[in-house]
$ cat upload.cif   # mmCIF, C-alpha atoms (C1' of nucleotides)
data_target
loop_
_atom_site.label_atom_id
_atom_site.label_comp_id
_atom_site.auth_asym_id
_atom_site.auth_seq_id
_atom_site.Cartn_x
_atom_site.Cartn_y
_atom_site.Cartn_z
CA MET A 1 -154.64 18.67 -85.42
CA THR A 2 -156.11 15.95 -87.60
CA THR A 3 -154.53 12.87 -86.11
CA LYS A 4 -154.39 13.73 -82.43
CA THR A 5 -157.92 13.55 -81.12
CA GLU A 6 -158.52 10.12 -82.58
CA ALA A 7 -155.75 7.98 -81.11
CA LYS A 8 -154.49 5.21 -83.33
CA ALA A 9 -155.76 1.99 -81.84
CA SER A 10 -152.65 0.16 -82.96
CA GLU A 11 -150.57 2.00 -80.37
CA VAL A 12 -152.56 0.68 -77.44
CA PRO A 13 -151.53 -2.84 -76.45
CA ALA A 14 -154.72 -4.71 -75.71
CA GLN A 15 -157.47 -2.13 -75.41
CA ALA A 16 -160.02 -0.98 -77.93
CA ALA A 17 -159.77 2.62 -79.01
CA GLY A 18 -161.75 4.86 -76.68
CA ALA A 19 -161.30 2.41 -73.83
CA ILE A 20 -157.83 3.43 -72.80
CA PRO A 21 -157.50 2.35 -69.17
CA VAL A 22 -157.66 5.27 -66.81
CA PRO A 23 -157.09 5.34 -63.04
CA ARG A 24 -160.30 4.81 -61.15
CA LEU A 25 -161.33 7.47 -58.68
CA ASP A 26 -161.72 5.04 -55.80
CA GLN A 27 -158.27 3.58 -56.38
CA GLN A 28 -156.44 6.87 -56.29
CA LEU A 29 -154.45 7.59 -53.16
CA CYS A 30 -154.50 11.30 -53.89
CA PHE A 31 -158.28 11.34 -54.05
CA ALA A 32 -158.53 9.49 -50.75
CA LEU A 33 -156.26 12.13 -49.23
CA TYR A 34 -158.23 14.93 -50.86
CA SER A 35 -161.53 13.55 -49.57
CA ALA A 36 -160.25 12.79 -46.09
CA SER A 37 -158.71 16.23 -45.72
CA GLY A 38 -161.86 17.97 -46.89
CA LEU A 39 -164.04 15.92 -44.60
CA MET A 40 -161.82 16.57 -41.60
CA THR A 41 -162.05 20.32 -42.08
CA ARG A 42 -165.81 19.87 -42.45
CA VAL A 43 -165.87 18.14 -39.06
CA TYR A 44 -163.79 20.94 -37.56
CA ARG A 45 -165.88 23.75 -38.99
CA PRO A 46 -168.81 23.67 -36.57
CA LEU A 47 -166.42 23.23 -33.66
CA LEU A 48 -164.22 26.17 -34.62
CA ALA A 49 -166.87 28.57 -35.89
CA PRO A 50 -168.06 29.50 -32.37
CA LEU A 51 -164.46 30.49 -31.62
CA GLY A 52 -164.30 32.73 -34.66
CA LEU A 53 -161.76 30.47 -36.37
CA THR A 54 -161.56 28.75 -39.72
CA TYR A 55 -159.51 25.60 -39.99
CA PRO A 56 -156.40 27.24 -41.50
CA GLN A 57 -156.68 29.95 -38.86
CA TYR A 58 -156.81 27.24 -36.21
CA LEU A 59 -153.57 25.84 -37.60
CA VAL A 60 -151.99 29.28 -37.31
CA MET A 61 -153.07 29.47 -33.69
CA LEU A 62 -151.54 26.04 -33.02
CA ALA A 63 -148.28 27.21 -34.55
CA LEU A 64 -148.33 30.43 -32.55
CA TRP A 65 -149.08 28.65 -29.29
CA GLU A 66 -145.94 26.64 -29.89
CA ARG A 67 -143.79 29.64 -30.70
CA ALA A 68 -144.62 33.32 -30.49
CA PRO A 69 -143.83 35.72 -31.82
CA SER A 70 -143.29 34.03 -35.16
CA ILE A 71 -142.46 35.68 -38.44
CA VAL A 72 -144.70 35.13 -41.45
CA GLY A 73 -142.10 33.08 -43.25
CA ASP A 74 -141.71 30.64 -40.38
CA LEU A 75 -145.47 30.19 -40.13
CA GLY A 76 -145.50 29.49 -43.84
CA GLU A 77 -142.74 26.95 -43.47
CA ALA A 78 -144.58 25.24 -40.62
CA LEU A 79 -147.93 25.14 -42.37
CA GLY A 80 -146.80 24.77 -45.96
CA LEU A 81 -148.34 28.07 -47.06
CA ASP A 82 -146.83 31.12 -48.70
CA SER A 83 -147.22 34.81 -48.03
CA ALA A 84 -149.90 35.19 -50.67
CA THR A 85 -152.12 32.98 -48.53
CA LEU A 86 -150.90 33.98 -45.10
CA THR A 87 -150.86 37.75 -45.40
CA PRO A 88 -154.60 38.18 -45.98
CA LEU A 89 -155.38 35.33 -43.58
CA LEU A 90 -153.36 36.97 -40.81
CA LYS A 91 -154.98 40.32 -41.56
CA ARG A 92 -158.38 38.72 -41.03
CA MET A 93 -157.18 37.21 -37.76
CA GLU A 94 -155.85 40.60 -36.75
CA ALA A 95 -159.17 42.21 -37.61
CA GLY A 96 -160.81 39.55 -35.44
CA GLY A 97 -158.59 40.48 -32.54
CA LEU A 98 -156.82 37.13 -32.34
CA VAL A 99 -153.28 38.15 -33.28
CA THR A 100 -151.11 41.22 -33.64
CA ARG A 101 -148.85 41.99 -36.59
CA ARG A 102 -145.88 44.35 -36.42
CA ARG A 103 -142.61 44.86 -38.25
CA ASP A 104 -139.57 43.51 -36.49
CA PRO A 105 -137.60 46.58 -35.33
CA ALA A 106 -134.37 44.63 -35.74
CA ASP A 107 -135.18 43.69 -39.34
CA GLU A 108 -137.85 45.75 -41.01
CA ARG A 109 -138.43 43.11 -43.66
CA ARG A 110 -139.94 40.74 -41.14
CA VAL A 111 -143.41 40.81 -39.64
CA LEU A 112 -143.86 39.44 -36.15
CA VAL A 113 -147.12 37.69 -35.42
CA GLU A 114 -148.30 37.07 -31.90
CA PRO A 115 -151.54 35.96 -30.23
CA THR A 116 -153.48 38.62 -28.36
CA ALA A 117 -154.93 37.96 -24.94
CA LYS A 118 -158.09 36.93 -26.72
CA GLY A 119 -156.06 34.55 -28.86
CA GLN A 120 -154.37 33.06 -25.81
CA ALA A 121 -157.75 32.62 -24.15
CA LEU A 122 -158.79 30.24 -26.92
CA ARG A 123 -156.34 27.65 -25.61
CA GLY A 124 -158.90 26.76 -22.99
CA ALA A 125 -161.46 25.79 -25.61
CA MET A 126 -159.18 23.35 -27.39
CA LYS A 127 -160.06 20.42 -25.16
CA ASP A 128 -163.68 20.62 -26.26
CA VAL A 129 -162.61 20.81 -29.89
CA GLN A 130 -160.46 17.71 -29.51
CA ASP A 131 -163.23 15.86 -27.71
CA GLY A 132 -165.73 16.78 -30.38
CA LEU A 133 -163.27 15.59 -32.97
CA ALA A 134 -162.62 12.21 -31.43
CA CYS A 135 -166.31 11.35 -31.70
CA GLY A 136 -166.34 12.02 -35.41
CA VAL A 137 -163.28 10.00 -36.33
CA PRO A 138 -164.19 6.36 -36.84
CA LEU A 139 -160.74 4.87 -36.28
CA ARG A 140 -159.18 3.08 -33.38
CA PRO A 141 -156.19 4.69 -31.66
CA ALA A 142 -153.80 2.18 -33.18
CA GLU A 143 -155.11 2.92 -36.66
CA VAL A 144 -154.83 6.64 -36.09
CA LYS A 145 -151.26 6.18 -34.97
CA ALA A 146 -150.31 4.06 -37.97
CA LEU A 147 -152.06 6.43 -40.36
CA HIS A 148 -150.32 9.41 -38.84
CA ALA A 149 -146.93 7.75 -39.03
CA THR A 150 -147.34 6.86 -42.71
CA LEU A 151 -148.65 10.33 -43.56
CA THR A 152 -145.75 11.96 -41.76
CA GLN A 153 -143.34 9.92 -43.82
CA LEU A 154 -145.25 10.79 -46.99
CA VAL A 155 -145.29 14.49 -46.20
CA ALA A 156 -141.58 14.51 -45.46
CA GLY A 157 -140.82 12.78 -48.73
CA LEU A 158 -143.10 15.01 -50.76
CA ARG A 159 -141.69 18.13 -49.20
CA GLU A 160 -138.24 17.05 -50.23
CA ALA A 161 -139.40 16.10 -53.72
CA THR A 162 -141.27 19.34 -54.38
CA ALA A 163 -138.50 21.52 -52.99
CA ASP A 164 -135.74 19.79 -54.94
CA ASP A 165 -136.48 20.33 -58.60
CA ARG A 166 -137.37 23.95 -58.25
CA PRO A 167 -133.96 25.65 -58.00
CA THR A 168 -134.93 28.95 -59.61
CA LYS A 169 -136.15 27.88 -63.02
CA THR A 170 -133.46 30.17 -64.45
CA ASP A 171 -130.97 27.33 -64.89
CA GLY A 172 -132.89 26.09 -67.90
CA ALA A 173 -130.65 23.14 -68.62
CA VAL A 174 -131.35 20.68 -65.84
CA SER A 175 -130.09 17.13 -65.78
CA ASP A 176 -131.97 14.28 -67.38
CA LYS A 177 -133.37 13.57 -63.96
CA ASP A 178 -135.94 16.38 -63.89
CA LYS A 179 -138.34 14.22 -65.87
CA LEU A 180 -138.79 11.96 -62.86
CA MET B 1 -159.31 41.69 -17.99
CA THR B 2 -158.19 40.78 -14.53
CA THR B 3 -159.22 37.19 -14.08
CA LYS B 4 -159.71 35.73 -17.56
CA THR B 5 -156.39 35.74 -19.31
CA GLU B 6 -154.65 34.38 -16.26
CA ALA B 7 -156.42 31.08 -15.70
CA LYS B 8 -156.66 29.93 -12.15
CA ALA B 9 -153.94 27.36 -11.76
CA SER B 10 -156.06 25.34 -9.38
CA GLU B 11 -158.38 24.33 -12.20
CA VAL B 12 -155.65 22.84 -14.33
CA PRO B 13 -154.35 19.51 -13.00
CA ALA B 14 -150.62 19.79 -13.38
CA GLN B 15 -149.95 22.76 -15.66
CA ALA B 16 -148.87 26.27 -14.86
CA ALA B 17 -151.23 29.08 -15.73
CA GLY B 18 -150.83 30.22 -19.32
CA ALA B 19 -149.46 26.83 -20.26
CA ILE B 20 -152.72 25.07 -20.94
CA PRO B 21 -151.77 22.02 -22.98
CA VAL B 22 -152.69 22.41 -26.59
CA PRO B 23 -152.45 19.86 -29.40
CA ARG B 24 -149.14 20.03 -31.17
CA LEU B 25 -149.19 20.64 -34.89
CA ASP B 26 -147.02 17.64 -35.67
CA GLN B 27 -149.22 15.34 -33.63
CA GLN B 28 -152.46 16.26 -35.36
CA LEU B 29 -153.82 13.71 -37.79
CA CYS B 30 -155.89 16.38 -39.53
CA PHE B 31 -152.81 18.49 -40.18
CA ALA B 32 -150.97 15.50 -41.62
CA LEU B 33 -153.92 14.95 -43.94
CA TYR B 34 -154.10 18.64 -44.81
CA SER B 35 -150.39 18.76 -45.61
CA ALA B 36 -150.32 15.51 -47.55
CA SER B 37 -153.34 16.51 -49.63
CA GLY B 38 -151.90 19.92 -50.43
CA LEU B 39 -148.53 18.44 -51.37
CA MET B 40 -150.10 15.81 -53.61
CA THR B 41 -151.98 18.45 -55.59
CA ARG B 42 -148.71 20.37 -55.79
CA VAL B 43 -147.06 17.31 -57.33
CA TYR B 44 -149.94 16.95 -59.77
CA ARG B 45 -150.01 20.59 -60.84
CA PRO B 46 -147.03 20.59 -63.22
CA LEU B 47 -148.18 17.28 -64.69
CA LEU B 48 -151.73 18.46 -65.31
CA ALA B 49 -151.05 22.04 -66.36
CA PRO B 50 -149.83 21.04 -69.84
CA LEU B 51 -153.18 19.27 -70.30
CA GLY B 52 -155.10 22.37 -69.31
CA LEU B 53 -156.37 20.78 -66.12
CA THR B 54 -156.32 21.72 -62.47
CA TYR B 55 -156.41 18.96 -59.90
CA PRO B 56 -160.16 19.22 -59.13
CA GLN B 57 -160.81 19.33 -62.87
CA TYR B 58 -158.74 16.18 -63.25
CA LEU B 59 -160.97 14.50 -60.68
CA VAL B 60 -164.03 15.53 -62.69
CA MET B 61 -162.50 13.98 -65.79
CA LEU B 62 -161.83 10.74 -63.89
CA ALA B 63 -165.45 10.66 -62.78
CA LEU B 64 -166.69 11.37 -66.30
CA TRP B 65 -164.47 8.71 -67.83
CA GLU B 66 -166.16 6.24 -65.52
CA ARG B 67 -169.66 7.41 -66.32
CA ALA B 68 -170.88 9.90 -68.90
CA PRO B 69 -173.06 11.73 -69.20
CA SER B 70 -173.29 12.49 -65.49
CA ILE B 71 -175.51 15.05 -63.84
CA VAL B 72 -173.97 17.74 -61.66
CA GLY B 73 -175.44 16.26 -58.49
CA ASP B 74 -173.88 12.86 -59.11
CA LEU B 75 -170.50 14.40 -59.78
CA GLY B 76 -170.85 16.27 -56.53
CA GLU B 77 -171.73 13.07 -54.70
CA ALA B 78 -168.74 11.27 -56.20
CA LEU B 79 -166.26 14.04 -55.48
CA GLY B 80 -167.70 15.43 -52.27
CA LEU B 81 -168.39 18.86 -53.75
CA ASP B 82 -171.57 20.90 -54.06
CA SER B 83 -173.02 22.86 -56.94
CA ALA B 84 -171.54 26.12 -55.69
CA THR B 85 -168.12 24.65 -56.41
CA LEU B 86 -168.95 22.51 -59.41
CA THR B 87 -171.02 24.92 -61.50
CA PRO B 88 -168.26 27.48 -62.05
CA LEU B 89 -165.63 24.73 -62.31
CA LEU B 90 -167.61 22.95 -65.04
CA LYS B 91 -168.16 26.24 -66.84
CA ARG B 92 -164.42 26.74 -66.94
CA MET B 93 -163.95 23.23 -68.27
CA GLU B 94 -166.63 23.90 -70.87
CA ALA B 95 -164.87 27.12 -71.86
CA GLY B 96 -161.68 25.08 -72.21
CA GLY B 97 -163.43 22.68 -74.56
CA LEU B 98 -163.09 19.65 -72.29
CA VAL B 99 -166.76 18.98 -71.49
CA THR B 100 -170.22 19.88 -72.67
CA ARG B 101 -173.10 20.98 -70.44
CA ARG B 102 -176.76 20.72 -71.42
CA ARG B 103 -180.10 20.45 -69.69
CA ASP B 104 -181.58 16.97 -69.59
CA PRO B 105 -184.55 17.06 -71.99
CA ALA B 106 -186.31 14.46 -69.84
CA ASP B 107 -185.89 16.54 -66.66
CA GLU B 108 -185.11 20.18 -67.18
CA ARG B 109 -183.80 20.52 -63.64
CA ARG B 110 -180.79 18.37 -64.40
CA VAL B 111 -177.64 19.31 -66.28
CA LEU B 112 -175.84 16.59 -68.21
CA VAL B 113 -172.06 16.81 -68.32
CA GLU B 114 -170.04 14.89 -70.87
CA PRO B 115 -166.44 14.90 -72.13
CA THR B 116 -165.84 16.32 -75.59
CA ALA B 117 -163.58 14.58 -78.07
CA LYS B 118 -160.79 16.73 -76.71
CA GLY B 119 -161.68 15.59 -73.20
CA GLN B 120 -161.67 11.94 -74.27
CA ALA B 121 -158.31 12.42 -75.93
CA LEU B 122 -156.78 13.27 -72.57
CA ARG B 123 -157.17 9.64 -71.50
CA GLY B 124 -154.06 8.86 -73.47
CA ALA B 125 -151.98 11.24 -71.39
CA MET B 126 -152.94 9.69 -68.08
CA LYS B 127 -150.23 7.05 -68.15
CA ASP B 128 -147.58 9.74 -68.18
CA VAL B 129 -149.29 11.52 -65.31
CA GLN B 130 -149.36 8.34 -63.26
CA ASP B 131 -145.74 7.59 -64.07
CA GLY B 132 -144.70 11.09 -63.10
CA LEU B 133 -146.62 10.69 -59.89
CA ALA B 134 -145.05 7.43 -58.86
CA CYS B 135 -141.62 9.05 -58.90
CA GLY B 136 -142.71 11.72 -56.47
CA VAL B 137 -144.38 9.49 -53.91
CA PRO B 138 -141.81 8.13 -51.45
CA LEU B 139 -143.77 5.10 -50.28
CA ARG B 140 -143.52 1.44 -51.07
CA PRO B 141 -146.48 -0.25 -52.76
CA ALA B 142 -147.45 -2.07 -49.58
CA GLU B 143 -147.45 1.21 -47.66
CA VAL B 144 -149.54 2.90 -50.31
CA LYS B 145 -152.01 0.07 -50.16
CA ALA B 146 -152.31 0.14 -46.38
CA LEU B 147 -152.59 3.93 -46.38
CA HIS B 148 -155.28 3.84 -49.01
CA ALA B 149 -157.26 1.20 -47.13
CA THR B 150 -157.19 3.16 -43.89
CA LEU B 151 -158.11 6.40 -45.62
CA THR B 152 -161.00 4.75 -47.41
CA GLN B 153 -162.32 3.56 -44.09
CA LEU B 154 -161.84 7.00 -42.59
CA VAL B 155 -163.60 8.71 -45.47
CA ALA B 156 -166.54 6.32 -45.29
CA GLY B 157 -166.89 6.92 -41.57
CA LEU B 158 -166.58 10.67 -41.86
CA ARG B 159 -169.10 10.82 -44.69
CA GLU B 160 -171.56 9.00 -42.51
CA ALA B 161 -170.81 11.19 -39.53
CA THR B 162 -171.11 14.49 -41.39
CA ALA B 163 -174.27 13.45 -43.22
CA ASP B 164 -175.98 12.21 -40.07
CA ASP B 165 -176.34 15.17 -37.77
CA ARG B 166 -177.46 17.54 -40.46
CA PRO B 167 -181.18 16.71 -40.81
CA THR B 168 -182.33 20.19 -41.74
CA LYS B 169 -181.34 22.21 -38.70
CA THR B 170 -185.02 23.13 -38.45
CA ASP B 171 -185.68 20.52 -35.80
CA GLY B 172 -184.01 22.67 -33.22
CA ALA B 173 -184.40 20.29 -30.32
CA VAL B 174 -181.96 17.50 -31.06
CA SER B 175 -181.14 14.75 -28.64
CA ASP B 176 -178.32 15.02 -26.13
CA LYS B 177 -176.22 13.14 -28.63
CA ASP B 178 -175.58 16.01 -31.02
CA LYS B 179 -172.76 17.17 -28.79
CA LEU B 180 -170.73 14.17 -29.81
"C1'" DT C 1 -119.42 53.82 -50.47
"C1'" DC C 2 -122.30 51.90 -54.04
"C1'" DC C 3 -124.71 48.53 -56.17
"C1'" DA C 4 -126.17 43.81 -57.35
"C1'" DT C 5 -128.09 40.12 -54.82
"C1'" DT C 6 -130.71 38.05 -51.55
"C1'" DT C 7 -134.43 38.00 -48.24
"C1'" DA C 8 -139.18 38.96 -46.65
"C1'" DT C 9 -143.57 40.43 -47.28
"C1'" DA C 10 -147.32 42.26 -49.95
"C1'" DT C 11 -150.24 42.51 -54.12
"C1'" DC C 12 -152.72 40.80 -58.26
"C1'" DG C 13 -155.29 37.49 -60.94
"C1'" DT C 14 -157.31 33.08 -61.11
"C1'" DA C 15 -159.32 28.97 -59.19
"C1'" DC C 16 -161.33 26.20 -55.63
"C1'" DA C 17 -164.64 25.58 -51.51
"C1'" DC C 18 -168.77 26.20 -48.83
"C1'" DG C 19 -172.98 28.21 -46.28
"C1'" DA C 20 -176.99 30.52 -47.51
"C1'" DT C 21 -180.19 31.91 -50.75
"C1'" DT C 22 -182.72 31.94 -55.15
"C1'" DA C 23 -184.95 30.21 -59.32
"C1'" DT C 24 -186.90 26.67 -61.96
"C1'" DT C 25 -188.80 22.36 -62.66
"C1'" DT C 26 -190.96 18.14 -61.19
"C1'" DA C 27 -193.72 15.29 -58.06
"C1'" DG C 28 -197.37 14.63 -54.85
"C1'" DT C 29 -201.83 15.51 -53.23
"C1'" DA C 30 -206.32 17.57 -51.85
"C1'" DT D 1 -206.77 21.20 -61.69
"C1'" DA D 2 -204.33 23.91 -58.32
"C1'" DC D 3 -201.17 24.16 -54.95
"C1'" DT D 4 -197.62 22.71 -51.82
"C1'" DA D 5 -193.41 20.28 -51.32
"C1'" DA D 6 -189.23 18.34 -52.98
"C1'" DA D 7 -185.41 18.25 -56.10
"C1'" DT D 8 -181.79 20.47 -58.82
"C1'" DA D 9 -178.65 24.08 -60.34
"C1'" DA D 10 -177.18 28.52 -60.16
"C1'" DT D 11 -175.83 32.64 -57.61
"C1'" DC D 12 -173.75 35.49 -53.85
"C1'" DG D 13 -170.44 36.51 -50.27
"C1'" DT D 14 -166.44 35.14 -47.85
"C1'" DG D 15 -162.26 32.63 -47.24
"C1'" DT D 16 -158.49 29.84 -48.61
"C1'" DA D 17 -154.68 28.60 -52.16
"C1'" DC D 18 -150.96 29.65 -55.46
"C1'" DG D 19 -148.04 31.47 -59.51
"C1'" DA D 20 -146.21 35.68 -60.85
"C1'" DT D 21 -144.85 40.03 -59.83
"C1'" DA D 22 -143.76 44.14 -57.03
"C1'" DT D 23 -141.65 46.56 -53.17
"C1'" DA D 24 -138.66 47.32 -49.63
"C1'" DA D 25 -135.00 46.16 -46.49
"C1'" DA D 26 -130.67 43.82 -45.49
"C1'" DT D 27 -126.33 41.74 -47.17
"C1'" DG D 28 -122.01 41.12 -49.60
"C1'" DG D 29 -118.63 42.39 -52.15
"C1'" DA D 30 -115.88 45.64 -55.86
#

$ encode --input "upload.cif" --output "structure tokens"
Amino acid sequence: MTTKTEAKASEVPAQAAGAIPVPRLDQQLCFALYSASGLMTRVYRPLLAPLGLTYPQYLVMLALWERAPSIVGDLGEALGLDSATLTPLLKRMEAGGLVTRRRDPADERRVLVEPTAKGQALRGAMKDVQDGLACGVPLRPAEVKALHATLTQLVAGLREATADDRPTKTDGAVSDKDKL
Amino acid sequence: MTTKTEAKASEVPAQAAGAIPVPRLDQQLCFALYSASGLMTRVYRPLLAPLGLTYPQYLVMLALWERAPSIVGDLGEALGLDSATLTPLLKRMEAGGLVTRRRDPADERRVLVEPTAKGQALRGAMKDVQDGLACGVPLRPAEVKALHATLTQLVAGLREATADDRPTKTDGAVSDKDKL
DNA sequence: TCCATTTATATCGTACACGATTATTTAGTA
DNA sequence: TACTAAATAATCGTGTACGATATAAATGGA
């Protein structure tokens, strides 16, 4: 590797060697998303901790309040997480007395997850969580709405994109489109 | 458990007991952010893996390309991470030959972080990463711009909010405003 | 029926992420 | 000077995350 570390300046249009233009942190959409997401969970933390919930666990409860019992795979689909993340997370929630886990008698591969009475009781505390949240978010309702709409569109598109070019990896010869 | 799990219907305006309204997953801004952020790093992963970078490590490189050497605290300020996260992350990057870490001779408390030649060489690969990214993001430039602007505002506000009510926790008696 | 395939979850190893604590160095002050 | 306080990283314990692999149950033919 004698010629790689020192890039030939002649190949860069109008920049001196060593000054190759690089995306700036504060211009990166992904970093804005990364920061915003991290900060939101940081705002949630003190509100959820008294309830014995982490933020991902809170998301699981939201999913279960919408539909219970749910199987692990459906929770993963709803939250964008896989079993490697959900299985230990659900075990912690089970240990905390918030949910129950049991094999589906009709299909022993599946695991049914369901809130306990204690888990159901947490519904009553959600109003306070939402109120606490609203105070920390410095956006007007219209902005929140627009932001949410754009993000929803982005998420839908990304989900499609990431699911597409991942058939099984065994069909080695993909079209010339997999570079995009 | 005779009176708790079954909420008195008279206390809830217009909802049946056990049907306390709870925020829906697909209406939560925080969940949209959480999903979008996770999906973006998922899009980045296959682009960065060949370079020997994870997504947070990529962010560190972006920060270092803007200013090097940087001390750990400044990197943490720029990225919103603390030393508990950065120290092991930087050690891994050092082990990978991407950065160097050394105590500041002028102030032995500080640790100076700097890209190696190998780390600098990665700048040349960033164009491909950005190109690969653009193909995966299903938004028009105007939408990206608006989204980024709103997120930047949100991040700024949240940073302020989370930094504020965390004086030292030792002044136990805070005003009646800390509930907000 | 038998077996390859698919489906569903669990497990393992690695890498963030953070609150709390510790250790070391510097700065400030009596 | 000596001594406290502040600043700075590192460390520890716990909890996500995910790729890769393993295990077991159901399914679909030959």

$ interface_residues --input "upload.cif" --of "chain B" --to "chain D" --cutoff "12 Å" --atoms "only C-alpha atoms (C1' of nucleotides)" --output "MDAnalysis selection string"
chainID B and resid 38:39 41:42 45:46 54 71:74 76 82:88 91 101:104 107:112

$ closest_residue --input "upload.cif" --among "B:Leu62, B:Leu25, B:Leu81, B:Ala121" --to "chain C" --atoms "all atoms listed in the file"
B:Leu81

$ atom_distance --input "upload.cif" --atom1 "atom CA of Leu98 of chain A" --atom2 "atom CA of Gly119 of chain A"
4.4 Å

$ resolve_selection --input "upload.cif" --expression "the PyMOL selection byres ((chain C) within 9 of (chain B))" --output "list in words"
DA15, DC16, DA17, DC18, DT24, DT25 and DT26 of chain C

$ atom_distance --input "upload.cif" --atom1 "atom CA of Ala106 of chain B" --atom2 "atom CA of Leu90 of chain B"
21.1 Å
